[in-house]
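Notes follow the structure.
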Amino acid sequence: MESLVTMLRAAGDPTRLRLLLLLRQAELAVSELIEIVGQSQPRVSRHLKLLCEAGLIERFKEGSWVFYRACDQGRGAAFGAAIAAQAEAGDGDAKRLTQVRQARAAVAAAFFKANAAEWERIRALHAPEKDVEAAILRRLGAAPIENLLDAGTGTGRMLELLAPLATRAVGLDISPEMLAIARDRLAQRSLNHAQVRLADTYRLPFPTAAAGQGFDTVLFHQVLHYLDDPGAAVLEAARVLRPGGRLLIADFAPHTLEFLREDFAHRRLGFPDREVHGWFAAAGLKTQESESIAPQDGSKEKLTVKIWLAAAKAAPHTKVAA
């Protein structure tokens, strides 16, 4: 009862109600909220603090910026949905939100354009992305996804591909610039149940999973070859993977293209099966299957992409007393 009263008080203020309705539509930084509601930073921050304390919104720090979004789980999410069903954001707020989103999209597009040539050079070296994505969908799309974690989400393409199949999706990356692109990608496609966070794959900001909790699907897509210790990242991912959950890696098979180290910061030149299977075993996961996706022209100067899928042990069944 007390928590309900707290939520009612928090949402009962006109400005806080405006903020809650905005944050149910988009994930926004403090500066963006100030621009939309037209109030000072101290006042907006105070309202956001009260909404956070009431359990209606969540706060995430990303470099020098702080982002907020409406809670998407628990009682706060249910309360927010009930309030939103009875209220509508003002026309002025909706218009300014659109302007903020357009400005954000322009910044993301500029960064993408500045780096597009390098990314295209990498894409030209390996199997077509459509073939890799089809292979990922065959494995992860065959069963419902409740909670998806895309570790090292980059531009958010995997979230765009898989979030429509998931109840909830989270993408993590250590690059604020990449997250800006991913955040815009999700907004453009109205994938409001998907979110991105600034975080390190070695130290995931989530509790250890248990039965009914944690992520049922974790993905590393073209991430591990950048890491000093990819096995440690797999071990950390297994920590937040619920019993029976799936972990999929899409990365390069072993190759000899040394220029990728100097020009593109690749730490590892692909991975052999035995190494990946060793990570799975060390993390308590069982290897299920793998697939090689070679370049269409068969060139030895191009990269083969490999898919590896593993699963966590299922939770033991509890016997019911007769």
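As shown in the structure tokens, the chain order sets the letters A, B, ...; within each chain, residues go from 1, and ligands are also counted from 1 in the order they appear.
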
With only C-alpha atoms as the counted atoms, please give the residues lying no more than 6 Å from A:Asp216, apart from itself and same-chain residues fewer than 6 positions off, as JSON, numbers by chain.
{"A": [147, 241, 242, 245]}

**Residue set, stretch 59-114 of chain A restricted to alpha helix (DSSP H), as JSON, numbers by chain** = {"A": [74, 75, 76, 77, 78, 79, 80, 81, 82, 83, 84, 85, 86, 91, 92, 93, 94, 95, 96, 97, 98, 99, 100, 101, 102, 103, 104, 105, 106, 107, 108, 109, 110, 111, 112, 113, 114]}

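Using only C-alpha atoms, the residues found no farther than 6 Å from stretch 167-175 of chain A, other than those of its own chain fewer than 2 positions away, are Glu146, Asn147, Leu148, Leu149, Asp150, Ala151, Gly152, Thr153, Ala163, Glu177, Met178, His193, Ala194, Gln195, Val196, Arg197, Leu198, Ala199 and Asp200 of chain A.
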
Among stretch 64-309 of chain A, which ones does DSSP place in strand (DSSP E or B), written as a VMD selection string? chain A and resid 65 to 70 126 145 to 151 166 to 173 194 to 198 200 203 215 to 221 241 to 252 285 to 293 303 305 to 309

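Counting only C-alpha atoms, the residue from A:Ser292, A:Thr217, A:Gln188, A:Gln73 that sits nearest to A:Phe252 is A:Ser292.
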
**Prompt:** Contacts of A:Arg185 at 10 Å or less, counting only C-alpha atoms, minus same-chain residues fewer than 5 places along, as number ranges by chain?
**Reply:** A: 105, 108, 155-157, 159-160, 179-180, 190-191

Could you pull the residues within 7 Å of stretch 225-231 of chain A, counting only C-alpha atoms, minus those fewer than 4 positions along the same chain, as an mmCIF file with C-alpha atoms, in the first residue's frame?
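Contents of the output file out-v1.cif:
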```cif
data_model
loop_
_atom_site.group_PDB
_atom_site.id
_atom_site.type_symbol
_atom_site.label_atom_id
_atom_site.label_comp_id
_atom_site.auth_asym_id
_atom_site.auth_seq_id
_atom_site.Cartn_x
_atom_site.Cartn_y
_atom_site.Cartn_z
ATOM 1 C CA LEU A 235 32.025 -16.679 -18.255
ATOM 2 C CA ALA A 265 42.049 -3.029 -33.368
ATOM 3 C CA HIS A 266 41.282 -6.751 -33.638
ATOM 4 C CA ARG A 267 43.006 -8.510 -30.730
ATOM 5 C CA ARG A 268 42.360 -12.023 -32.007
ATOM 6 C CA LEU A 269 42.450 -13.384 -35.538
ATOM 7 C CA GLY A 270 39.446 -15.658 -35.196
ATOM 8 C CA TRP A 279 34.973 -21.376 -22.888
#
```

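Here atom CA of A:Ala210 stands at a distance of 17.3 Å from atom CA of A:Val234.
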
As an mmCIF file with all heavy atoms, in the first residue's frame, please: the residues near A:Glu133 (cut-off 8 Å, only C-alpha atoms, same-chain neighbours under 4 positions excluded).
```
data_model
loop_
_atom_site.group_PDB
_atom_site.id
_atom_site.type_symbol
_atom_site.label_atom_id
_atom_site.label_comp_id
_atom_site.auth_asym_id
_atom_site.auth_seq_id
_atom_site.Cartn_x
_atom_site.Cartn_y
_atom_site.Cartn_z
ATOM 1 N N GLU A 129 26.348 -10.487 -44.743
ATOM 2 C CA GLU A 129 25.668 -10.349 -43.458
ATOM 3 C C GLU A 129 24.290 -10.997 -43.467
ATOM 4 O O GLU A 129 23.829 -11.510 -42.448
ATOM 5 C CB GLU A 129 25.567 -8.870 -43.079
ATOM 6 C CG GLU A 129 26.911 -8.264 -42.711
ATOM 7 C CD GLU A 129 26.781 -6.844 -42.206
ATOM 8 O OE1 GLU A 129 25.677 -6.283 -42.286
ATOM 9 O OE2 GLU A 129 27.794 -6.303 -41.741
ATOM 10 N N LEU A 137 19.032 -16.169 -36.877
ATOM 11 C CA LEU A 137 17.572 -16.267 -36.727
ATOM 12 C C LEU A 137 17.107 -17.717 -36.673
ATOM 13 O O LEU A 137 16.168 -18.047 -35.943
ATOM 14 C CB LEU A 137 16.876 -15.531 -37.874
ATOM 15 C CG LEU A 137 16.776 -14.012 -37.742
ATOM 16 C CD1 LEU A 137 16.209 -13.410 -39.022
ATOM 17 C CD2 LEU A 137 15.902 -13.633 -36.547
ATOM 18 N N LEU A 161 17.263 -6.801 -35.301
ATOM 19 C CA LEU A 161 16.909 -8.089 -35.883
ATOM 20 C C LEU A 161 16.105 -8.958 -34.917
ATOM 21 O O LEU A 161 15.111 -9.585 -35.317
ATOM 22 C CB LEU A 161 18.191 -8.834 -36.286
ATOM 23 C CG LEU A 161 18.029 -10.214 -36.932
ATOM 24 C CD1 LEU A 161 17.473 -10.077 -38.340
ATOM 25 C CD2 LEU A 161 19.379 -10.950 -36.950
#
```

Contacts of A:Gly92 within 12 Å, only C-alpha atoms, excl. fewer than 2 positions in-chain, as a short mmCIF file (atom, residue, chain, number, x, y, z; two decimals) with N, CA and C atoms, in the first residue's frame:
```cif
data_model
loop_
_atom_site.label_atom_id
_atom_site.label_comp_id
_atom_site.auth_asym_id
_atom_site.auth_seq_id
_atom_site.Cartn_x
_atom_site.Cartn_y
_atom_site.Cartn_z
N ARG A 18 4.13 14.74 -16.87
CA ARG A 18 4.65 14.99 -18.22
C ARG A 18 5.94 14.19 -18.46
N LEU A 22 6.58 11.16 -21.18
CA LEU A 22 7.66 11.28 -22.16
C LEU A 22 8.59 10.07 -22.09
N GLU A 35 14.99 20.56 -22.38
CA GLU A 35 14.57 21.22 -23.63
C GLU A 35 13.08 21.00 -23.89
N ILE A 36 12.59 19.82 -23.60
CA ILE A 36 11.19 19.49 -23.92
C ILE A 36 10.22 20.18 -22.95
N VAL A 37 10.49 20.07 -21.65
CA VAL A 37 9.52 20.61 -20.69
C VAL A 37 9.75 22.09 -20.38
N GLY A 38 10.91 22.63 -20.79
CA GLY A 38 11.14 24.06 -20.63
C GLY A 38 11.31 24.52 -19.20
N GLU A 88 -2.60 11.60 -21.92
CA GLU A 88 -1.90 11.79 -23.18
C GLU A 88 -0.91 12.93 -23.03
N ALA A 89 0.27 12.76 -23.64
CA ALA A 89 1.25 13.84 -23.62
C ALA A 89 0.71 15.03 -24.39
N GLY A 90 1.01 16.23 -23.91
CA GLY A 90 0.55 17.44 -24.59
C GLY A 90 1.14 17.57 -25.97
N ALA A 94 4.92 16.56 -27.38
CA ALA A 94 5.09 15.63 -28.50
C ALA A 94 5.91 16.26 -29.62
N LYS A 95 5.65 17.53 -29.91
CA LYS A 95 6.38 18.21 -30.97
C LYS A 95 7.85 18.38 -30.61
N ARG A 96 8.12 18.79 -29.36
CA ARG A 96 9.51 18.97 -28.94
C ARG A 96 10.24 17.65 -28.83
N LEU A 97 9.53 16.57 -28.45
CA LEU A 97 10.16 15.25 -28.43
C LEU A 97 10.59 14.85 -29.84
N THR A 98 9.75 15.11 -30.82
CA THR A 98 10.11 14.81 -32.21
C THR A 98 11.35 15.59 -32.63
N GLN A 99 11.44 16.85 -32.23
CA GLN A 99 12.60 17.67 -32.58
C GLN A 99 13.88 17.13 -31.92
#
```

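Take atom CA of A:Ala77 and atom CA of A:Ala54: the distance between them is 11.2 Å.
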